[in-house]
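A short write-up of the structure that comes next.
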Amino acid sequence: MQFGNAAGTKGERIQKWAWQDNRLKQLTKGSAANIIGAVISSGFRYISIYFLVRGLGSMHYGVYVQTIVLFEILRSIGQCGLPQGVSRHIAIYHLEDDRRKIWAVILSSLLITLTASGLIGMLLCLFAETVSVRWFKTGEMTEIITQLWWLIPLNSLFFLIPNFFTGLRQMRYRTYVADLYQSGVWLLMVIIFCFWRPDLLTYFWGRASLFSVGLIFPFFILKKIVPLEIASWSEMTRVSRELFLFSLPLLLTTVINRVLFRVEILFLAYYLDPGQVAVYHVASRLSDIQNVFLLPVNTAFSPHSARLAKEGRFDKLNKDFKRVCQWLLIIALPVSLVFVLFPEELLAMFDPDFASGKWVLVMIILANLFNISTGPAGIMLSMAGYPKIEFFNALLVGVFSLFLNIKLIPLMGLMGAAIAIAAGVVLINSLRIGETFCLWRIFPYTIHTAKIMGIGFLVGVGGYALIGQFTMEPLFKFALGSLSTVALFFVGVFFFVLTKEEREWAVSAKKDLISRVS
């Protein structure tokens, strides 16, 4: 691979540094593809939220959020913990080039998910009025649940399929299926329905149509990547049992994690009106932009860590883990600074009344920044064969978060929910980095971490002093503050954090990109 105008010994040094390990090269390429897809997908989703808020109003948008959260929690149960288990087993069988076992994993996971999530959907339909009126205190959810309970199995299957591509290390196709297709079509439907018939039931029928179509075309791609080979019944049964037993602890972990990050919506719906739920949801979803960088890296790192752990190469895993965490922090910190410095201006773009959620946004942003700094620590534990540790982490933190939500939300409202979620994020990630260190002497932080945080602190203080105190149009203020903060941060990182080889690679890659474009 050529790096612009870098030549001779300098070019050789850069090439040796950047591509010294073929698996790390694949990890980097997979992460980059996922990040590009995730950035585009997040942009589509935020535009969708904007149109939904404008089309439905804050109260009806709150009802929409409550219904979606309920369906997400039940979808997590219906998937039986299979997403990570599927990725791990397909990655291992793909390494062995065993097509029959790969298809055994795919078919058995689909059957288990469809059966479990279908039963859960029917149970919800039976108790639709009880759930809607007694807990969420709105009869509008009753009609949605009774007509569209089958969205739960559709949801479960749709969000399981991308994990097949993760295990096969086909990140490009995963991006097409999980990011670009879903978010792009959903944005188109939201815009059409917003101008045609903006009501709750219409939007949910649009969501159902999206998932129905989305279940079809991924299998044509799968058959091209891995030709279909059906295993014998005994082999299918053996693989299914192995997959289910591995995934069962992950089921409890996934459910607890899902409840941990969504239980506050349930309690807010019980104690506050849907309009307040809408404010909290928009603030918390805006903070998800940080995970645009973490989730794709976790996806690419999942099969990478499974293979290195299986081979016992924990020194190599430690080196890759530190590098991933450092670059995640470099990418995510300037975004976090922008959100912390200008939360009111950002929320007011959706609705002027939403600016009241600015401290909720700041609290969750800071907690997510710590989550990003620990990188794929939880993924490493699961992929290395320790899903039970992740389960106990999630159980402990889930109980802790539930306790805080019960105590704080009645007293502090939205801010109580933000404190509870932030405390849970900090606790679970502290446990993970402690466990990875005890098991393998793997730790995410280096001296470069302190330098990155120091530069971020100085840039944040300077940005607040120069721009934060001025009164101007919110959109212009946010745009000006974002550009100046990001530019100053990356200049500081370039000169004071990156090594000589990293700086040379960055400059030569920029020149190569410019030459290709021109």
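Residues are named by chain letter and number: chains run A, B, ... in the order of the structure tokens, numbers start at 1 in each chain, and ligands are numbered from 1 in the order shown.
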>> At a cut-off of 9 Å, using only C-alpha atoms, what residues contact Leu222 in chain A? Leave out same-chain residues fewer than 4 positions from it and give the result as a ChimeraX atom specification.
In response: /A:164-165,218,226-228
For range 113-119 of chain A: contacts at 6 Å, only C-alpha atoms, fewer than 6 positions along chain excluded, given as a short mmCIF file (atom, residue, chain, number, x, y, z; two decimals) with all heavy atoms, in the first residue's frame:
```cif
data_model
loop_
_atom_site.label_atom_id
_atom_site.label_comp_id
_atom_site.auth_asym_id
_atom_site.auth_seq_id
_atom_site.Cartn_x
_atom_site.Cartn_y
_atom_site.Cartn_z
N GLY A 78 -36.29 -11.67 23.76
CA GLY A 78 -36.59 -12.61 22.69
C GLY A 78 -35.37 -13.09 21.93
O GLY A 78 -35.39 -14.17 21.34
N GLN A 79 -34.29 -12.30 21.92
CA GLN A 79 -33.08 -12.72 21.22
C GLN A 79 -32.26 -13.74 22.01
O GLN A 79 -31.28 -14.28 21.47
CB GLN A 79 -32.22 -11.49 20.90
CG GLN A 79 -32.79 -10.64 19.78
CD GLN A 79 -31.90 -9.46 19.46
OE1 GLN A 79 -31.27 -8.86 20.33
NE2 GLN A 79 -31.84 -9.11 18.19
N PRO A 153 -41.10 -9.93 17.31
CA PRO A 153 -40.27 -10.92 16.58
C PRO A 153 -39.59 -10.34 15.35
O PRO A 153 -38.46 -10.72 15.03
CB PRO A 153 -41.27 -12.03 16.21
CG PRO A 153 -42.62 -11.45 16.39
CD PRO A 153 -42.49 -10.41 17.46
#
```
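Distances to Leu266 in chain A were evaluated for A:Phe136, A:Tyr64, A:Phe244, A:Phe204 using only C-alpha atoms, and the minimum falls at A:Phe136.
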For Asn318 in chain A, please output as a short mmCIF file (atom, residue, chain, number, x, y, z; two decimals) with N, CA, C and O atoms, in the first residue's frame all residues within 12 Å (counting only C-alpha atoms; exclusion window: fewer than 2 positions along the same chain).
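The result, stored in around.cif:
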```
data_model
loop_
_atom_site.label_atom_id
_atom_site.label_comp_id
_atom_site.auth_asym_id
_atom_site.auth_seq_id
_atom_site.Cartn_x
_atom_site.Cartn_y
_atom_site.Cartn_z
N SER A 305 -10.81 -10.21 18.90
CA SER A 305 -10.44 -10.63 20.26
C SER A 305 -10.74 -12.10 20.48
O SER A 305 -10.02 -12.79 21.22
N LEU A 308 -7.69 -13.99 18.96
CA LEU A 308 -6.46 -13.83 19.74
C LEU A 308 -6.57 -14.56 21.08
O LEU A 308 -5.60 -15.16 21.55
N ALA A 309 -7.73 -14.50 21.71
CA ALA A 309 -7.92 -15.20 22.98
C ALA A 309 -7.85 -16.71 22.79
O ALA A 309 -7.26 -17.43 23.61
N GLY A 312 -4.37 -17.68 22.60
CA GLY A 312 -3.58 -17.37 23.79
C GLY A 312 -2.62 -16.21 23.61
O GLY A 312 -1.67 -16.06 24.38
N ARG A 313 -2.87 -15.34 22.64
CA ARG A 313 -1.96 -14.22 22.35
C ARG A 313 -2.43 -12.97 23.10
O ARG A 313 -2.83 -11.97 22.52
N PHE A 314 -2.35 -13.01 24.42
CA PHE A 314 -2.87 -11.90 25.23
C PHE A 314 -1.93 -10.69 25.21
O PHE A 314 -2.39 -9.57 25.44
N ASP A 315 -0.66 -10.87 24.96
CA ASP A 315 0.23 -9.72 24.80
C ASP A 315 -0.18 -8.90 23.59
O ASP A 315 -0.21 -7.67 23.63
N LYS A 316 -0.46 -9.60 22.50
CA LYS A 316 -0.91 -8.92 21.29
C LYS A 316 -2.28 -8.27 21.52
O LYS A 316 -2.54 -7.14 21.08
N ASP A 320 -3.20 -4.23 21.09
CA ASP A 320 -4.28 -3.75 20.23
C ASP A 320 -5.34 -3.02 21.04
O ASP A 320 -5.90 -2.00 20.59
N PHE A 321 -5.62 -3.52 22.22
CA PHE A 321 -6.63 -2.91 23.09
C PHE A 321 -6.23 -1.49 23.48
O PHE A 321 -7.04 -0.55 23.41
N LYS A 322 -4.98 -1.29 23.88
CA LYS A 322 -4.51 0.05 24.25
C LYS A 322 -4.59 1.00 23.07
O LYS A 322 -5.00 2.17 23.21
N ARG A 323 -4.21 0.52 21.90
CA ARG A 323 -4.22 1.38 20.71
C ARG A 323 -5.65 1.76 20.35
O ARG A 323 -5.93 2.93 20.02
N VAL A 324 -6.57 0.81 20.44
CA VAL A 324 -7.97 1.09 20.13
C VAL A 324 -8.54 2.11 21.11
O VAL A 324 -9.22 3.07 20.71
N CYS A 325 -8.25 1.94 22.40
CA CYS A 325 -8.78 2.86 23.41
C CYS A 325 -8.23 4.27 23.22
O CYS A 325 -8.96 5.27 23.38
N GLY A 375 -12.99 1.42 26.08
CA GLY A 375 -12.99 0.64 24.85
C GLY A 375 -13.82 -0.63 24.92
O GLY A 375 -14.80 -0.71 25.68
N PRO A 376 -13.43 -1.64 24.16
CA PRO A 376 -14.20 -2.90 24.10
C PRO A 376 -13.85 -3.88 25.22
O PRO A 376 -13.65 -5.06 24.98
N ALA A 377 -13.75 -3.39 26.47
CA ALA A 377 -13.38 -4.27 27.58
C ALA A 377 -14.43 -5.34 27.81
O ALA A 377 -14.11 -6.52 28.03
N MET A 380 -14.23 -8.03 25.15
CA MET A 380 -13.11 -8.96 25.36
C MET A 380 -13.48 -10.05 26.36
O MET A 380 -13.15 -11.22 26.16
N ILE A 433 -12.63 -2.99 33.53
CA ILE A 433 -11.19 -2.77 33.37
C ILE A 433 -10.42 -3.40 34.54
O ILE A 433 -9.28 -3.85 34.36
N THR A 436 -10.29 -7.26 33.48
CA THR A 436 -9.35 -7.56 32.40
C THR A 436 -7.90 -7.45 32.89
O THR A 436 -7.03 -8.19 32.44
N PHE A 437 -7.67 -6.54 33.84
CA PHE A 437 -6.32 -6.43 34.39
C PHE A 437 -5.97 -7.64 35.26
O PHE A 437 -4.86 -8.19 35.18
N LEU A 439 -7.25 -10.68 35.06
CA LEU A 439 -7.19 -11.91 34.27
C LEU A 439 -5.96 -11.98 33.39
O LEU A 439 -5.28 -13.01 33.32
N TRP A 440 -5.65 -10.87 32.68
CA TRP A 440 -4.61 -10.93 31.65
C TRP A 440 -3.58 -9.80 31.73
O TRP A 440 -2.75 -9.66 30.84
N ARG A 441 -3.68 -8.96 32.78
CA ARG A 441 -2.82 -7.77 32.89
C ARG A 441 -3.02 -6.83 31.70
O ARG A 441 -2.08 -6.22 31.21
N ILE A 442 -4.27 -6.73 31.27
CA ILE A 442 -4.64 -5.82 30.18
C ILE A 442 -5.28 -4.58 30.78
O ILE A 442 -6.21 -4.69 31.59
N PHE A 443 -4.79 -3.40 30.38
CA PHE A 443 -5.28 -2.14 30.95
C PHE A 443 -5.35 -1.11 29.84
O PHE A 443 -4.43 -1.03 29.00
N PRO A 444 -6.41 -0.29 29.78
CA PRO A 444 -6.59 0.59 28.61
C PRO A 444 -5.77 1.88 28.63
O PRO A 444 -5.57 2.49 27.57
N TYR A 445 -5.29 2.31 29.80
CA TYR A 445 -4.73 3.65 29.90
C TYR A 445 -3.21 3.66 29.87
O TYR A 445 -2.56 2.76 30.40
N THR A 446 -2.66 4.71 29.25
CA THR A 446 -1.22 4.94 29.19
C THR A 446 -0.97 6.42 29.50
O THR A 446 -1.91 7.18 29.77
#
```
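Distance-wise, CA of Phe342 in chain A and CA of Phe457 in chain A end up 15.2 Å apart.
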> Near Val282 in chain A, within 12 Å and counting only C-alpha atoms, which residues show up once chain neighbours fewer than 3 positions away are dropped, as a VMD selection string?
Replying inline: chain A and resid 45 to 50 52 to 53 58 61 to 62 65 265 275 to 279 285 to 289 343 346 to 351 353 to 358 360 to 361 364 414
Save the residues we just selected, N, CA and C atoms, as a short mmCIF file (atom, residue, chain, number, x, y, z; two decimals), in the first residue's frame?
```cif
data_model
loop_
_atom_site.label_atom_id
_atom_site.label_comp_id
_atom_site.auth_asym_id
_atom_site.auth_seq_id
_atom_site.Cartn_x
_atom_site.Cartn_y
_atom_site.Cartn_z
N ARG A 45 -30.72 9.27 11.71
CA ARG A 45 -31.59 9.08 12.89
C ARG A 45 -31.91 10.41 13.56
N TYR A 46 -30.92 11.29 13.66
CA TYR A 46 -31.17 12.58 14.30
C TYR A 46 -32.14 13.43 13.48
N ILE A 47 -32.02 13.34 12.17
CA ILE A 47 -32.98 14.05 11.31
C ILE A 47 -34.37 13.45 11.49
N SER A 48 -34.43 12.11 11.63
CA SER A 48 -35.71 11.45 11.86
C SER A 48 -36.34 11.91 13.17
N ILE A 49 -35.52 12.01 14.23
CA ILE A 49 -36.03 12.48 15.52
C ILE A 49 -36.58 13.90 15.38
N TYR A 50 -35.85 14.74 14.64
CA TYR A 50 -36.31 16.12 14.45
C TYR A 50 -37.70 16.14 13.80
N LEU A 52 -39.89 13.70 13.70
CA LEU A 52 -40.87 13.08 14.58
C LEU A 52 -41.35 14.06 15.66
N VAL A 53 -40.41 14.79 16.26
CA VAL A 53 -40.78 15.77 17.28
C VAL A 53 -41.67 16.85 16.67
N SER A 58 -44.40 17.21 21.36
CA SER A 58 -43.64 16.60 22.46
C SER A 58 -44.43 15.53 23.20
N TYR A 61 -44.79 12.42 20.96
CA TYR A 61 -43.45 11.85 20.78
C TYR A 61 -43.04 11.09 22.04
N GLY A 62 -43.44 11.59 23.21
CA GLY A 62 -43.17 10.88 24.46
C GLY A 62 -43.83 9.52 24.49
N VAL A 65 -41.88 7.21 22.24
CA VAL A 65 -40.64 6.76 22.91
C VAL A 65 -40.94 5.64 23.90
N ILE A 265 -36.53 5.38 31.44
CA ILE A 265 -37.69 5.78 30.64
C ILE A 265 -38.97 5.21 31.25
N GLY A 275 -44.46 14.47 27.85
CA GLY A 275 -43.66 15.58 27.38
C GLY A 275 -42.28 15.61 28.03
N GLN A 276 -42.20 15.31 29.32
CA GLN A 276 -40.91 15.24 30.01
C GLN A 276 -40.10 14.04 29.55
N VAL A 277 -40.79 12.94 29.26
CA VAL A 277 -40.12 11.77 28.71
C VAL A 277 -39.47 12.13 27.36
N ALA A 278 -40.17 12.93 26.57
CA ALA A 278 -39.64 13.35 25.26
C ALA A 278 -38.38 14.18 25.43
N VAL A 279 -38.36 15.10 26.40
CA VAL A 279 -37.17 15.92 26.65
C VAL A 279 -35.99 15.04 27.02
N ARG A 285 -30.56 10.57 23.55
CA ARG A 285 -30.25 10.09 22.20
C ARG A 285 -29.17 10.94 21.54
N LEU A 286 -29.15 12.22 21.85
CA LEU A 286 -28.07 13.06 21.33
C LEU A 286 -26.71 12.59 21.85
N SER A 287 -26.69 12.11 23.09
CA SER A 287 -25.43 11.61 23.64
C SER A 287 -24.97 10.33 22.95
N ASP A 288 -25.88 9.68 22.25
CA ASP A 288 -25.52 8.45 21.53
C ASP A 288 -24.52 8.69 20.41
N ILE A 289 -24.35 9.96 20.02
CA ILE A 289 -23.41 10.23 18.94
C ILE A 289 -22.00 9.82 19.33
N PRO A 343 -24.76 22.66 25.19
CA PRO A 343 -25.91 21.75 25.24
C PRO A 343 -27.24 22.45 24.99
N LEU A 346 -27.84 23.16 21.28
CA LEU A 346 -28.10 21.94 20.52
C LEU A 346 -29.53 21.45 20.73
N LEU A 347 -29.99 21.41 21.97
CA LEU A 347 -31.34 20.91 22.25
C LEU A 347 -32.42 21.84 21.70
N ALA A 348 -32.15 23.15 21.70
CA ALA A 348 -33.14 24.11 21.22
C ALA A 348 -33.42 23.96 19.73
N MET A 349 -32.52 23.29 18.99
CA MET A 349 -32.76 23.07 17.57
C MET A 349 -33.97 22.16 17.34
N PHE A 350 -34.22 21.25 18.28
CA PHE A 350 -35.35 20.34 18.14
C PHE A 350 -36.65 21.01 18.58
N ASP A 351 -36.58 21.68 19.73
CA ASP A 351 -37.73 22.38 20.27
C ASP A 351 -37.21 23.33 21.35
N ASP A 353 -38.43 24.30 24.07
CA ASP A 353 -38.69 23.80 25.42
C ASP A 353 -37.70 22.71 25.84
N PHE A 354 -37.04 22.05 24.87
CA PHE A 354 -36.13 20.96 25.19
C PHE A 354 -34.82 21.46 25.82
N ALA A 355 -34.57 22.76 25.76
CA ALA A 355 -33.34 23.30 26.36
C ALA A 355 -33.27 23.05 27.86
N SER A 356 -34.41 22.75 28.48
CA SER A 356 -34.43 22.45 29.92
C SER A 356 -33.67 21.16 30.25
N GLY A 357 -33.38 20.35 29.25
CA GLY A 357 -32.67 19.09 29.47
C GLY A 357 -31.17 19.19 29.30
N LYS A 358 -30.61 20.43 29.35
CA LYS A 358 -29.18 20.59 29.06
C LYS A 358 -28.29 19.89 30.08
N VAL A 360 -29.05 17.26 31.83
CA VAL A 360 -29.18 15.82 31.58
C VAL A 360 -28.20 15.41 30.49
N LEU A 361 -28.14 16.19 29.43
CA LEU A 361 -27.23 15.90 28.32
C LEU A 361 -25.77 15.92 28.79
N ILE A 364 -24.88 12.78 31.01
CA ILE A 364 -24.77 11.53 30.26
C ILE A 364 -23.55 11.56 29.33
N LEU A 414 -35.93 14.48 35.86
CA LEU A 414 -35.03 14.16 34.76
C LEU A 414 -33.58 14.06 35.22
#
```
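Between CA of Leu294 in chain A and CA of Pro83 in chain A there is a distance of 17.1 Å.
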> Looking only at the backbone, which of the residues in range 112-293 of chain A does DSSP tag as alpha helix (DSSP H), as JSON, numbers by chain?
Replying inline: {"A": [112, 113, 114, 115, 116, 117, 118, 119, 120, 121, 122, 123, 124, 125, 126, 128, 129, 130, 140, 141, 142, 143, 144, 145, 146, 147, 148, 151, 152, 153, 154, 155, 156, 157, 158, 159, 160, 162, 163, 164, 165, 166, 167, 171, 172, 173, 174, 175, 182, 183, 184, 185, 186, 187, 188, 189, 190, 191, 192, 193, 194, 195, 196, 200, 201, 202, 203, 204, 205, 206, 207, 208, 209, 210, 211, 212, 213, 214, 218, 219, 220, 221, 222, 223, 224, 225, 233, 234, 235, 236, 237, 238, 239, 240, 241, 242, 243, 244, 245, 246, 247, 248, 249, 250, 251, 252, 253, 254, 255, 256, 257, 258, 259, 260, 261, 262, 263, 264, 265, 266, 267, 268, 269, 270, 271, 274, 275, 276, 277, 278, 279, 280, 281, 282, 283, 284, 285, 286, 291, 292, 293]}
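Of the residues listed (A:Ile40, A:Val491, A:Leu201, A:Leu252), A:Ile40 shows the shortest atom-to-atom separation from Tyr181 in chain A; distances use only C-alpha atoms.
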